[in-house]
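Everything below belongs to protein_30.cif, which stores mmCIF, N, CA and C atoms.
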data_coords
#
loop_
_atom_site.label_atom_id
_atom_site.label_comp_id
_atom_site.auth_asym_id
_atom_site.auth_seq_id
_atom_site.Cartn_x
_atom_site.Cartn_y
_atom_site.Cartn_z
N MET A 1 80.25 27.02 -37.93
CA MET A 1 80.51 28.26 -38.62
C MET A 1 80.52 28.01 -40.13
N GLU A 2 80.03 28.97 -40.85
CA GLU A 2 79.99 28.90 -42.30
C GLU A 2 80.89 30.01 -42.87
N ARG A 3 81.45 29.73 -44.05
CA ARG A 3 82.26 30.73 -44.73
C ARG A 3 81.60 31.12 -46.04
N THR A 4 81.79 32.38 -46.40
CA THR A 4 81.32 32.88 -47.68
C THR A 4 82.39 33.75 -48.30
N PHE A 5 82.22 34.01 -49.57
CA PHE A 5 83.17 34.82 -50.31
C PHE A 5 82.55 36.18 -50.57
N ALA A 6 83.36 37.23 -50.51
CA ALA A 6 82.88 38.59 -50.73
C ALA A 6 83.90 39.38 -51.55
N ILE A 7 83.39 40.30 -52.34
CA ILE A 7 84.25 41.23 -53.08
C ILE A 7 83.75 42.65 -52.83
N ILE A 8 84.68 43.54 -52.54
CA ILE A 8 84.39 44.97 -52.61
C ILE A 8 84.82 45.35 -54.02
N LYS A 9 83.85 45.75 -54.83
CA LYS A 9 84.04 45.93 -56.26
C LYS A 9 84.79 47.24 -56.60
N PRO A 10 85.24 47.33 -57.87
CA PRO A 10 86.03 48.50 -58.28
C PRO A 10 85.39 49.85 -57.97
N ASP A 11 84.08 49.98 -58.15
CA ASP A 11 83.46 51.29 -57.91
C ASP A 11 83.65 51.75 -56.48
N ALA A 12 83.59 50.84 -55.52
CA ALA A 12 83.77 51.20 -54.11
C ALA A 12 85.24 51.45 -53.78
N VAL A 13 86.14 50.63 -54.33
CA VAL A 13 87.57 50.82 -54.09
C VAL A 13 88.02 52.16 -54.68
N GLU A 14 87.55 52.48 -55.88
CA GLU A 14 87.92 53.74 -56.53
C GLU A 14 87.48 54.96 -55.72
N ARG A 15 86.36 54.83 -55.03
CA ARG A 15 85.83 55.96 -54.25
C ARG A 15 86.34 55.97 -52.81
N ASN A 16 87.28 55.08 -52.49
CA ASN A 16 87.89 55.02 -51.16
C ASN A 16 86.87 54.82 -50.04
N ILE A 17 85.91 53.91 -50.29
CA ILE A 17 84.92 53.60 -49.25
C ILE A 17 85.03 52.16 -48.77
N SER A 18 86.14 51.51 -49.10
CA SER A 18 86.35 50.12 -48.67
C SER A 18 86.32 50.01 -47.16
N GLY A 19 86.94 50.93 -46.47
CA GLY A 19 86.96 50.89 -45.01
C GLY A 19 85.58 50.97 -44.41
N LYS A 20 84.71 51.77 -44.99
CA LYS A 20 83.33 51.87 -44.50
C LYS A 20 82.60 50.54 -44.67
N ILE A 21 82.83 49.88 -45.80
CA ILE A 21 82.20 48.58 -46.04
C ILE A 21 82.77 47.54 -45.09
N ILE A 22 84.07 47.53 -44.90
CA ILE A 22 84.69 46.58 -43.97
C ILE A 22 84.17 46.81 -42.55
N SER A 23 83.99 48.06 -42.16
CA SER A 23 83.43 48.35 -40.83
C SER A 23 82.04 47.75 -40.68
N LYS A 24 81.20 47.88 -41.72
CA LYS A 24 79.85 47.31 -41.67
C LYS A 24 79.92 45.78 -41.53
N ILE A 25 80.88 45.17 -42.23
CA ILE A 25 81.05 43.72 -42.16
C ILE A 25 81.40 43.30 -40.73
N GLU A 26 82.36 43.99 -40.13
CA GLU A 26 82.77 43.63 -38.77
C GLU A 26 81.68 43.95 -37.76
N GLU A 27 80.99 45.06 -37.93
CA GLU A 27 79.90 45.42 -37.02
C GLU A 27 78.76 44.41 -37.08
N ALA A 28 78.62 43.73 -38.22
CA ALA A 28 77.57 42.72 -38.37
C ALA A 28 77.99 41.37 -37.79
N GLY A 29 79.17 41.32 -37.21
CA GLY A 29 79.61 40.10 -36.52
C GLY A 29 80.38 39.11 -37.36
N PHE A 30 80.76 39.49 -38.56
CA PHE A 30 81.56 38.60 -39.39
C PHE A 30 83.02 38.63 -38.93
N LYS A 31 83.67 37.50 -39.03
CA LYS A 31 85.11 37.42 -38.85
C LYS A 31 85.71 37.36 -40.25
N ILE A 32 86.66 38.26 -40.53
CA ILE A 32 87.34 38.24 -41.82
C ILE A 32 88.51 37.28 -41.69
N VAL A 33 88.41 36.12 -42.37
CA VAL A 33 89.44 35.09 -42.25
C VAL A 33 90.44 35.12 -43.41
N GLY A 34 90.16 35.95 -44.41
CA GLY A 34 91.07 36.14 -45.52
C GLY A 34 90.71 37.44 -46.22
N MET A 35 91.73 38.22 -46.60
CA MET A 35 91.46 39.47 -47.29
C MET A 35 92.71 39.90 -48.06
N LYS A 36 92.50 40.37 -49.29
CA LYS A 36 93.61 40.93 -50.06
C LYS A 36 93.06 41.82 -51.17
N LYS A 37 93.88 42.77 -51.55
CA LYS A 37 93.56 43.68 -52.64
C LYS A 37 94.27 43.18 -53.89
N ILE A 38 93.52 43.02 -54.96
CA ILE A 38 94.09 42.51 -56.21
C ILE A 38 93.51 43.30 -57.38
N HIS A 39 94.19 43.20 -58.51
CA HIS A 39 93.68 43.79 -59.75
C HIS A 39 93.49 42.63 -60.72
N LEU A 40 92.24 42.26 -60.94
CA LEU A 40 91.93 41.15 -61.83
C LEU A 40 92.25 41.50 -63.29
N SER A 41 92.77 40.54 -64.00
CA SER A 41 92.87 40.69 -65.45
C SER A 41 91.49 40.39 -66.03
N LYS A 42 91.27 40.77 -67.27
CA LYS A 42 89.99 40.46 -67.92
C LYS A 42 89.79 38.94 -67.96
N SER A 43 90.85 38.21 -68.23
CA SER A 43 90.78 36.75 -68.29
C SER A 43 90.41 36.16 -66.92
N GLN A 44 90.98 36.67 -65.85
CA GLN A 44 90.64 36.19 -64.51
C GLN A 44 89.18 36.49 -64.18
N ALA A 45 88.69 37.67 -64.56
CA ALA A 45 87.29 38.02 -64.33
C ALA A 45 86.38 37.08 -65.12
N GLU A 46 86.75 36.79 -66.35
CA GLU A 46 85.96 35.87 -67.17
C GLU A 46 85.91 34.48 -66.56
N GLY A 47 87.02 34.01 -66.01
CA GLY A 47 87.03 32.71 -65.35
C GLY A 47 86.17 32.69 -64.11
N PHE A 48 86.22 33.77 -63.36
CA PHE A 48 85.42 33.85 -62.13
C PHE A 48 83.93 33.90 -62.44
N TYR A 49 83.55 34.66 -63.43
CA TYR A 49 82.13 34.85 -63.77
C TYR A 49 81.67 33.94 -64.91
N TYR A 50 82.37 32.83 -65.14
CA TYR A 50 82.06 31.94 -66.26
C TYR A 50 80.60 31.49 -66.29
N VAL A 51 79.96 31.40 -65.13
CA VAL A 51 78.56 30.94 -65.09
C VAL A 51 77.63 31.91 -65.81
N HIS A 52 78.09 33.13 -66.02
CA HIS A 52 77.27 34.14 -66.71
C HIS A 52 77.68 34.34 -68.17
N LYS A 53 78.54 33.47 -68.70
CA LYS A 53 79.13 33.71 -70.02
C LYS A 53 78.10 33.83 -71.15
N GLU A 54 76.93 33.25 -70.99
CA GLU A 54 75.91 33.34 -72.04
C GLU A 54 74.98 34.54 -71.85
N ARG A 55 75.15 35.26 -70.77
CA ARG A 55 74.27 36.40 -70.48
C ARG A 55 74.76 37.64 -71.23
N PRO A 56 73.84 38.52 -71.60
CA PRO A 56 74.24 39.70 -72.38
C PRO A 56 75.15 40.67 -71.63
N PHE A 57 75.15 40.62 -70.30
CA PHE A 57 75.97 41.55 -69.51
C PHE A 57 77.37 41.03 -69.22
N PHE A 58 77.69 39.80 -69.66
CA PHE A 58 78.95 39.15 -69.30
C PHE A 58 80.17 40.01 -69.63
N ASN A 59 80.28 40.49 -70.85
CA ASN A 59 81.46 41.26 -71.24
C ASN A 59 81.58 42.55 -70.44
N ASP A 60 80.47 43.26 -70.27
CA ASP A 60 80.50 44.51 -69.49
C ASP A 60 80.89 44.23 -68.04
N LEU A 61 80.37 43.14 -67.47
CA LEU A 61 80.71 42.78 -66.09
C LEU A 61 82.20 42.50 -65.95
N CYS A 62 82.75 41.73 -66.87
CA CYS A 62 84.17 41.38 -66.79
C CYS A 62 85.07 42.59 -67.03
N THR A 63 84.64 43.48 -67.92
CA THR A 63 85.39 44.72 -68.15
C THR A 63 85.38 45.58 -66.89
N PHE A 64 84.21 45.71 -66.28
CA PHE A 64 84.08 46.48 -65.04
C PHE A 64 84.94 45.89 -63.92
N MET A 65 84.86 44.59 -63.72
CA MET A 65 85.59 43.96 -62.61
C MET A 65 87.10 43.97 -62.81
N SER A 66 87.55 44.20 -64.03
CA SER A 66 89.00 44.24 -64.28
C SER A 66 89.52 45.66 -64.52
N ARG A 67 88.69 46.67 -64.35
CA ARG A 67 89.14 48.03 -64.66
C ARG A 67 90.04 48.63 -63.59
N SER A 68 89.91 48.17 -62.35
CA SER A 68 90.74 48.68 -61.26
C SER A 68 90.70 47.66 -60.11
N PRO A 69 91.50 47.86 -59.06
CA PRO A 69 91.57 46.86 -57.99
C PRO A 69 90.23 46.60 -57.28
N VAL A 70 90.18 45.40 -56.71
CA VAL A 70 89.07 44.96 -55.87
C VAL A 70 89.66 44.43 -54.57
N ILE A 71 88.82 44.28 -53.56
CA ILE A 71 89.22 43.62 -52.32
C ILE A 71 88.41 42.36 -52.21
N VAL A 72 89.11 41.23 -52.15
CA VAL A 72 88.45 39.94 -52.01
C VAL A 72 88.60 39.48 -50.57
N MET A 73 87.54 38.84 -50.06
CA MET A 73 87.53 38.43 -48.65
C MET A 73 86.82 37.10 -48.47
N VAL A 74 87.20 36.42 -47.43
CA VAL A 74 86.45 35.26 -46.95
C VAL A 74 85.92 35.65 -45.58
N LEU A 75 84.61 35.54 -45.42
CA LEU A 75 83.93 35.93 -44.19
C LEU A 75 83.39 34.69 -43.50
N GLU A 76 83.43 34.72 -42.17
CA GLU A 76 82.97 33.57 -41.39
C GLU A 76 81.96 34.03 -40.34
N LYS A 77 80.91 33.25 -40.19
CA LYS A 77 79.85 33.55 -39.23
C LYS A 77 78.81 32.44 -39.34
N GLU A 78 77.98 32.28 -38.34
CA GLU A 78 76.82 31.38 -38.47
C GLU A 78 75.99 31.87 -39.64
N ASN A 79 75.59 30.95 -40.51
CA ASN A 79 74.77 31.30 -41.68
C ASN A 79 75.38 32.46 -42.48
N ALA A 80 76.68 32.40 -42.71
CA ALA A 80 77.41 33.50 -43.34
C ALA A 80 76.88 33.86 -44.73
N ILE A 81 76.52 32.87 -45.52
CA ILE A 81 76.08 33.15 -46.88
C ILE A 81 74.82 34.01 -46.87
N ALA A 82 73.82 33.57 -46.15
CA ALA A 82 72.56 34.33 -46.07
C ALA A 82 72.77 35.67 -45.38
N ALA A 83 73.57 35.69 -44.32
CA ALA A 83 73.80 36.94 -43.58
C ALA A 83 74.52 37.97 -44.45
N TRP A 84 75.50 37.52 -45.24
CA TRP A 84 76.22 38.45 -46.11
C TRP A 84 75.31 38.97 -47.21
N ARG A 85 74.48 38.11 -47.77
CA ARG A 85 73.56 38.55 -48.83
C ARG A 85 72.56 39.57 -48.27
N THR A 86 72.13 39.36 -47.04
CA THR A 86 71.22 40.32 -46.41
C THR A 86 71.93 41.65 -46.19
N LEU A 87 73.16 41.61 -45.69
CA LEU A 87 73.91 42.84 -45.45
C LEU A 87 74.21 43.59 -46.75
N MET A 88 74.47 42.86 -47.84
CA MET A 88 74.71 43.53 -49.12
C MET A 88 73.45 44.24 -49.61
N GLY A 89 72.31 43.59 -49.50
CA GLY A 89 71.07 44.15 -50.03
C GLY A 89 70.82 43.70 -51.45
N ALA A 90 69.69 44.10 -52.00
CA ALA A 90 69.29 43.71 -53.35
C ALA A 90 70.33 44.15 -54.38
N THR A 91 70.46 43.37 -55.44
CA THR A 91 71.41 43.68 -56.51
C THR A 91 71.20 45.08 -57.05
N ASN A 92 69.95 45.45 -57.23
CA ASN A 92 69.62 46.80 -57.67
C ASN A 92 69.50 47.67 -56.43
N PRO A 93 70.39 48.64 -56.25
CA PRO A 93 70.36 49.45 -55.03
C PRO A 93 69.04 50.20 -54.83
N ALA A 94 68.32 50.44 -55.91
CA ALA A 94 67.01 51.10 -55.79
C ALA A 94 66.02 50.24 -55.01
N ASN A 95 66.24 48.92 -55.03
CA ASN A 95 65.36 47.98 -54.33
C ASN A 95 65.93 47.50 -53.00
N ALA A 96 67.11 47.97 -52.65
CA ALA A 96 67.79 47.51 -51.43
C ALA A 96 67.20 48.17 -50.19
N GLU A 97 67.23 47.43 -49.09
CA GLU A 97 66.74 47.93 -47.81
C GLU A 97 67.68 48.99 -47.25
N PRO A 98 67.14 49.97 -46.53
CA PRO A 98 68.00 50.96 -45.87
C PRO A 98 69.00 50.27 -44.94
N GLY A 99 70.21 50.80 -44.88
CA GLY A 99 71.24 50.24 -44.02
C GLY A 99 72.09 49.18 -44.68
N THR A 100 71.68 48.70 -45.87
CA THR A 100 72.48 47.69 -46.56
C THR A 100 73.62 48.37 -47.32
N ILE A 101 74.62 47.59 -47.65
CA ILE A 101 75.78 48.11 -48.36
C ILE A 101 75.39 48.71 -49.70
N ARG A 102 74.58 47.99 -50.45
CA ARG A 102 74.22 48.50 -51.77
C ARG A 102 73.34 49.74 -51.70
N LYS A 103 72.46 49.82 -50.72
CA LYS A 103 71.62 51.02 -50.57
C LYS A 103 72.50 52.23 -50.23
N GLU A 104 73.47 52.02 -49.35
CA GLU A 104 74.31 53.12 -48.90
C GLU A 104 75.43 53.51 -49.87
N PHE A 105 75.98 52.52 -50.58
CA PHE A 105 77.21 52.79 -51.33
C PHE A 105 77.16 52.54 -52.83
N ALA A 106 76.22 51.75 -53.33
CA ALA A 106 76.21 51.42 -54.75
C ALA A 106 75.86 52.63 -55.60
N LYS A 107 76.46 52.69 -56.79
CA LYS A 107 76.16 53.76 -57.73
C LYS A 107 74.93 53.42 -58.56
N ASN A 108 74.81 52.15 -58.95
CA ASN A 108 73.67 51.68 -59.77
C ASN A 108 73.70 50.16 -59.79
N ILE A 109 72.83 49.54 -60.57
CA ILE A 109 72.74 48.08 -60.59
C ILE A 109 74.03 47.43 -61.11
N GLU A 110 74.73 48.10 -62.03
CA GLU A 110 75.98 47.54 -62.56
C GLU A 110 77.15 47.78 -61.61
N GLU A 111 77.21 48.94 -61.01
CA GLU A 111 78.29 49.28 -60.09
C GLU A 111 77.73 49.29 -58.68
N ASN A 112 77.50 48.07 -58.17
CA ASN A 112 76.77 47.94 -56.90
C ASN A 112 77.66 47.61 -55.70
N SER A 113 78.94 47.89 -55.81
CA SER A 113 79.90 47.93 -54.71
C SER A 113 80.29 46.60 -54.06
N SER A 114 79.47 45.55 -54.20
CA SER A 114 79.81 44.31 -53.50
C SER A 114 79.29 43.08 -54.24
N HIS A 115 79.95 41.97 -53.97
CA HIS A 115 79.57 40.67 -54.51
C HIS A 115 79.60 39.68 -53.35
N GLY A 116 78.75 38.67 -53.43
CA GLY A 116 78.78 37.61 -52.43
C GLY A 116 78.29 36.30 -52.99
N SER A 117 78.82 35.23 -52.47
CA SER A 117 78.37 33.89 -52.85
C SER A 117 76.88 33.76 -52.57
N ASP A 118 76.18 33.03 -53.45
CA ASP A 118 74.75 32.87 -53.27
C ASP A 118 74.34 31.49 -52.75
N ALA A 119 75.32 30.60 -52.60
CA ALA A 119 75.02 29.24 -52.12
C ALA A 119 76.33 28.59 -51.66
N PRO A 120 76.23 27.53 -50.87
CA PRO A 120 77.45 26.83 -50.44
C PRO A 120 78.31 26.34 -51.62
N GLU A 121 77.66 25.88 -52.69
CA GLU A 121 78.40 25.40 -53.85
C GLU A 121 79.16 26.55 -54.52
N THR A 122 78.55 27.70 -54.56
CA THR A 122 79.20 28.88 -55.15
C THR A 122 80.40 29.28 -54.30
N ALA A 123 80.22 29.32 -53.00
CA ALA A 123 81.32 29.66 -52.09
C ALA A 123 82.47 28.66 -52.24
N ALA A 124 82.14 27.39 -52.44
CA ALA A 124 83.16 26.35 -52.58
C ALA A 124 83.99 26.55 -53.85
N PHE A 125 83.43 27.19 -54.87
CA PHE A 125 84.19 27.54 -56.07
C PHE A 125 84.93 28.86 -55.89
N GLU A 126 84.25 29.85 -55.35
CA GLU A 126 84.78 31.21 -55.30
C GLU A 126 85.94 31.37 -54.32
N ILE A 127 85.85 30.77 -53.14
CA ILE A 127 86.92 30.94 -52.15
C ILE A 127 88.27 30.44 -52.67
N PRO A 128 88.37 29.20 -53.15
CA PRO A 128 89.68 28.75 -53.64
C PRO A 128 90.11 29.38 -54.96
N TYR A 129 89.21 30.07 -55.65
CA TYR A 129 89.60 30.79 -56.86
C TYR A 129 90.61 31.89 -56.50
N PHE A 130 90.47 32.44 -55.30
CA PHE A 130 91.31 33.55 -54.87
C PHE A 130 92.24 33.25 -53.69
N PHE A 131 91.92 32.24 -52.89
CA PHE A 131 92.68 31.99 -51.67
C PHE A 131 93.13 30.54 -51.57
N SER A 132 94.38 30.34 -51.11
CA SER A 132 94.82 29.00 -50.74
C SER A 132 94.42 28.79 -49.28
N ALA A 133 94.41 27.54 -48.85
CA ALA A 133 94.06 27.23 -47.46
C ALA A 133 95.00 27.91 -46.49
N LEU A 134 96.25 28.10 -46.86
CA LEU A 134 97.23 28.73 -45.98
C LEU A 134 96.95 30.21 -45.74
N GLU A 135 96.17 30.83 -46.61
CA GLU A 135 95.86 32.25 -46.49
C GLU A 135 94.65 32.53 -45.61
N LEU A 136 93.97 31.48 -45.18
CA LEU A 136 92.75 31.65 -44.38
C LEU A 136 93.06 31.38 -42.92
N VAL A 137 92.88 32.41 -42.09
CA VAL A 137 93.22 32.27 -40.67
C VAL A 137 92.03 32.61 -39.79
#

Would you mind writing the file's structure down as structure tokens?
Amino acid sequence: MERTFAIIKPDAVERNISGKIISKIEEAGFKIVGMKKIHLSKSQAEGFYYVHKERPFFNDLCTFMSRSPVIVMVLEKENAIAAWRTLMGATNPANAEPGTIRKEFAKNIEENSSHGSDAPETAAFEIPYFFSALELV
């Protein structure tokens, strides 16, 4: 079994569609082994997205991710990283496949409702950024 990290972003939480996204996750066969609702500070968002610090969208991304609560999760399944990225769909919802989270729920490329680890190394950083081992069941 593989684990990946996922976030239901502020735009989705604000619109009260978190439950719909969680239902899609469970229907796709993922086991949610950790989940909590948090409100990131700007500093916490900057630490999480540090790999993008030189990109022009960094400040806007961190401001967006800290504007209201998010739901962070650890998902488990065979090939979880690839499966979660497929379920999320393309970053730009206009390019996302029908039935994906971003196609169904994203407002635009910036407010695209979900985040997911893109590699095992990324998941290895992202999961412990938000969860201790004792929180994963």

Selected residue of minimal separation from A:Glu78 among A:Phe30, A:Met35, A:Ser18, A:Ala12, counting all atoms listed in the file: A:Phe30

Residues within 5 Å of A:Ile71, all atoms listed in the file, excluding chain neighbours under 5 positions, as an MDAnalysis selection string: chainID A and resid 7:8 36:37

Give me every strand (DSSP E or B) residue in chain A, going by DSSP on the backbone, as a PDB file with N, CA and C atoms, in the frame of the given file.
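Output file out01.pdb follows:
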ATOM      1  N   GLU A   2      80.030  28.970 -40.850  1.00  0.00           N
ATOM      2  CA  GLU A   2      79.990  28.900 -42.300  1.00  0.00           C
ATOM      3  C   GLU A   2      80.890  30.010 -42.870  1.00  0.00           C
ATOM      4  N   ARG A   3      81.450  29.730 -44.050  1.00  0.00           N
ATOM      5  CA  ARG A   3      82.260  30.730 -44.730  1.00  0.00           C
ATOM      6  C   ARG A   3      81.600  31.120 -46.040  1.00  0.00           C
ATOM      7  N   THR A   4      81.790  32.380 -46.400  1.00  0.00           N
ATOM      8  CA  THR A   4      81.320  32.880 -47.680  1.00  0.00           C
ATOM      9  C   THR A   4      82.390  33.750 -48.300  1.00  0.00           C
ATOM     10  N   PHE A   5      82.220  34.010 -49.570  1.00  0.00           N
ATOM     11  CA  PHE A   5      83.170  34.820 -50.310  1.00  0.00           C
ATOM     12  C   PHE A   5      82.550  36.180 -50.570  1.00  0.00           C
ATOM     13  N   ALA A   6      83.360  37.230 -50.510  1.00  0.00           N
ATOM     14  CA  ALA A   6      82.880  38.590 -50.730  1.00  0.00           C
ATOM     15  C   ALA A   6      83.900  39.380 -51.550  1.00  0.00           C
ATOM     16  N   ILE A   7      83.390  40.300 -52.340  1.00  0.00           N
ATOM     17  CA  ILE A   7      84.250  41.230 -53.080  1.00  0.00           C
ATOM     18  C   ILE A   7      83.750  42.650 -52.830  1.00  0.00           C
ATOM     19  N   ILE A   8      84.680  43.540 -52.540  1.00  0.00           N
ATOM     20  CA  ILE A   8      84.390  44.970 -52.610  1.00  0.00           C
ATOM     21  C   ILE A   8      84.820  45.350 -54.020  1.00  0.00           C
ATOM     22  N   LYS A  31      83.670  37.500 -39.030  1.00  0.00           N
ATOM     23  CA  LYS A  31      85.110  37.420 -38.850  1.00  0.00           C
ATOM     24  C   LYS A  31      85.710  37.360 -40.250  1.00  0.00           C
ATOM     25  N   ILE A  32      86.660  38.260 -40.530  1.00  0.00           N
ATOM     26  CA  ILE A  32      87.340  38.240 -41.820  1.00  0.00           C
ATOM     27  C   ILE A  32      88.510  37.280 -41.690  1.00  0.00           C
ATOM     28  N   VAL A  33      88.410  36.120 -42.370  1.00  0.00           N
ATOM     29  CA  VAL A  33      89.440  35.090 -42.250  1.00  0.00           C
ATOM     30  C   VAL A  33      90.440  35.120 -43.410  1.00  0.00           C
ATOM     31  N   GLY A  34      90.160  35.950 -44.410  1.00  0.00           N
ATOM     32  CA  GLY A  34      91.070  36.140 -45.520  1.00  0.00           C
ATOM     33  C   GLY A  34      90.710  37.440 -46.220  1.00  0.00           C
ATOM     34  N   MET A  35      91.730  38.220 -46.600  1.00  0.00           N
ATOM     35  CA  MET A  35      91.460  39.470 -47.290  1.00  0.00           C
ATOM     36  C   MET A  35      92.710  39.900 -48.060  1.00  0.00           C
ATOM     37  N   LYS A  36      92.500  40.370 -49.290  1.00  0.00           N
ATOM     38  CA  LYS A  36      93.610  40.930 -50.060  1.00  0.00           C
ATOM     39  C   LYS A  36      93.060  41.820 -51.170  1.00  0.00           C
ATOM     40  N   LYS A  37      93.880  42.770 -51.550  1.00  0.00           N
ATOM     41  CA  LYS A  37      93.560  43.680 -52.640  1.00  0.00           C
ATOM     42  C   LYS A  37      94.270  43.180 -53.890  1.00  0.00           C
ATOM     43  N   ILE A  38      93.520  43.020 -54.960  1.00  0.00           N
ATOM     44  CA  ILE A  38      94.090  42.510 -56.210  1.00  0.00           C
ATOM     45  C   ILE A  38      93.510  43.300 -57.380  1.00  0.00           C
ATOM     46  N   VAL A  70      90.180  45.400 -56.710  1.00  0.00           N
ATOM     47  CA  VAL A  70      89.070  44.960 -55.870  1.00  0.00           C
ATOM     48  C   VAL A  70      89.660  44.430 -54.570  1.00  0.00           C
ATOM     49  N   ILE A  71      88.820  44.280 -53.560  1.00  0.00           N
ATOM     50  CA  ILE A  71      89.220  43.620 -52.320  1.00  0.00           C
ATOM     51  C   ILE A  71      88.410  42.360 -52.210  1.00  0.00           C
ATOM     52  N   VAL A  72      89.110  41.230 -52.150  1.00  0.00           N
ATOM     53  CA  VAL A  72      88.450  39.940 -52.010  1.00  0.00           C
ATOM     54  C   VAL A  72      88.600  39.480 -50.570  1.00  0.00           C
ATOM     55  N   MET A  73      87.540  38.840 -50.060  1.00  0.00           N
ATOM     56  CA  MET A  73      87.530  38.430 -48.650  1.00  0.00           C
ATOM     57  C   MET A  73      86.820  37.100 -48.470  1.00  0.00           C
ATOM     58  N   VAL A  74      87.200  36.420 -47.430  1.00  0.00           N
ATOM     59  CA  VAL A  74      86.450  35.260 -46.950  1.00  0.00           C
ATOM     60  C   VAL A  74      85.920  35.650 -45.580  1.00  0.00           C
ATOM     61  N   LEU A  75      84.610  35.540 -45.420  1.00  0.00           N
ATOM     62  CA  LEU A  75      83.930  35.930 -44.190  1.00  0.00           C
ATOM     63  C   LEU A  75      83.390  34.690 -43.500  1.00  0.00           C
ATOM     64  N   GLU A  76      83.430  34.720 -42.170  1.00  0.00           N
ATOM     65  CA  GLU A  76      82.970  33.570 -41.390  1.00  0.00           C
ATOM     66  C   GLU A  76      81.960  34.030 -40.340  1.00  0.00           C
ATOM     67  N   LYS A  77      80.910  33.250 -40.190  1.00  0.00           N
ATOM     68  CA  LYS A  77      79.850  33.550 -39.230  1.00  0.00           C
ATOM     69  C   LYS A  77      78.810  32.440 -39.340  1.00  0.00           C
ATOM     70  N   SER A 114      79.470  45.550 -54.200  1.00  0.00           N
ATOM     71  CA  SER A 114      79.810  44.310 -53.500  1.00  0.00           C
ATOM     72  C   SER A 114      79.290  43.080 -54.240  1.00  0.00           C
ATOM     73  N   HIS A 115      79.950  41.970 -53.970  1.00  0.00           N
ATOM     74  CA  HIS A 115      79.570  40.670 -54.510  1.00  0.00           C
ATOM     75  C   HIS A 115      79.600  39.680 -53.350  1.00  0.00           C
ATOM     76  N   GLY A 116      78.750  38.670 -53.430  1.00  0.00           N
ATOM     77  CA  GLY A 116      78.780  37.610 -52.430  1.00  0.00           C
ATOM     78  C   GLY A 116      78.290  36.300 -52.990  1.00  0.00           C
TER      79      GLY A 116
END

Residues near stretch 56-68 of chain A, cut-off 6 Å, only N, CA and C atoms, skip fewer than 5 positions along chain, as number ranges by chain: A: 10, 38-42, 45-46

Test item: the PyMOL selection byres (((chain A and resi 86 and name CA) around 12) and name CA) resolved as a PyMOL selection string: chain A and resi 25+28+79-85+87-91+96-103+114-118

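Across the model, the gap from atom CA of A:Val51 to atom CA of A:Ser132 is 21.8 Å.
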
What are the centre and the three edge lengths of an axis-aligned box that wraps all atoms of stretch 68-78 of chain A in the file, given that 4 Å is added to every side, written as lines of an AutoDock Vina configuration file and rounded to one decimal in Å?
center_x = 83.8
center_y = 40.0
center_z = -50.3
size_x = 23.6
size_y = 25.3
size_z = 32.0

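Shortest separation to A:Asn108 among A:Thr122, A:Ala94, A:Leu136, A:Pro69 occurs at residue A:Ala94, atoms counted being only C-alpha atoms.
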
Which of stretch 30-61 of chain A fall in helix (DSSP H, G or I), as a list in words: Lys42, Ser43, Gln44, Ala45, Glu46, Gly47, Phe48, Tyr50, Val51, His52, Phe58, Asn59, Asp60 and Leu61 of chain A

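For the pair atom C of A:Ile17 and atom N of A:Thr4, the separation is 20.2 Å.
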
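The coordinates place atom C of A:Met1 at 29.2 Å from atom C of A:Val13.
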
Reference answer for the PyMOL selection byres ((chain A and resi 124-130) around 8), as number ranges by chain: A: 3-6, 48, 72-74, 117, 119-123, 131-133

Once you have the residues from the selection above, write them out as a compact mmCIF listing (two decimals), in the coordinates of the input, restricted to N, CA and C atoms.
# COMPACT_ATOMS: atom_id res chain seq x y z
N ARG A 3 81.45 29.73 -44.05
CA ARG A 3 82.26 30.73 -44.73
C ARG A 3 81.60 31.12 -46.04
N THR A 4 81.79 32.38 -46.40
CA THR A 4 81.32 32.88 -47.68
C THR A 4 82.39 33.75 -48.30
N PHE A 5 82.22 34.01 -49.57
CA PHE A 5 83.17 34.82 -50.31
C PHE A 5 82.55 36.18 -50.57
N ALA A 6 83.36 37.23 -50.51
CA ALA A 6 82.88 38.59 -50.73
C ALA A 6 83.90 39.38 -51.55
N PHE A 48 86.22 33.77 -63.36
CA PHE A 48 85.42 33.85 -62.13
C PHE A 48 83.93 33.90 -62.44
N VAL A 72 89.11 41.23 -52.15
CA VAL A 72 88.45 39.94 -52.01
C VAL A 72 88.60 39.48 -50.57
N MET A 73 87.54 38.84 -50.06
CA MET A 73 87.53 38.43 -48.65
C MET A 73 86.82 37.10 -48.47
N VAL A 74 87.20 36.42 -47.43
CA VAL A 74 86.45 35.26 -46.95
C VAL A 74 85.92 35.65 -45.58
N SER A 117 78.82 35.23 -52.47
CA SER A 117 78.37 33.89 -52.85
C SER A 117 76.88 33.76 -52.57
N ALA A 119 75.32 30.60 -52.60
CA ALA A 119 75.02 29.24 -52.12
C ALA A 119 76.33 28.59 -51.66
N PRO A 120 76.23 27.53 -50.87
CA PRO A 120 77.45 26.83 -50.44
C PRO A 120 78.31 26.34 -51.62
N GLU A 121 77.66 25.88 -52.69
CA GLU A 121 78.40 25.40 -53.85
C GLU A 121 79.16 26.55 -54.52
N THR A 122 78.55 27.70 -54.56
CA THR A 122 79.20 28.88 -55.15
C THR A 122 80.40 29.28 -54.30
N ALA A 123 80.22 29.32 -53.00
CA ALA A 123 81.32 29.66 -52.09
C ALA A 123 82.47 28.66 -52.24
N PHE A 131 91.92 32.24 -52.89
CA PHE A 131 92.68 31.99 -51.67
C PHE A 131 93.13 30.54 -51.57
N SER A 132 94.38 30.34 -51.11
CA SER A 132 94.82 29.00 -50.74
C SER A 132 94.42 28.79 -49.28
N ALA A 133 94.41 27.54 -48.85
CA ALA A 133 94.06 27.23 -47.46
C ALA A 133 95.00 27.91 -46.49

Close residues, A:Glu111 itself excluded, 6 Å, only N, CA and C atoms, min 4 positions apart in chain, as a ChimeraX atom specification: /A:11,106-107

Within 5 Å of A:Lys31 using all atoms listed in the file, minus same-chain residues under 2 positions, as a ChimeraX atom specification: /A:29,33,75-76
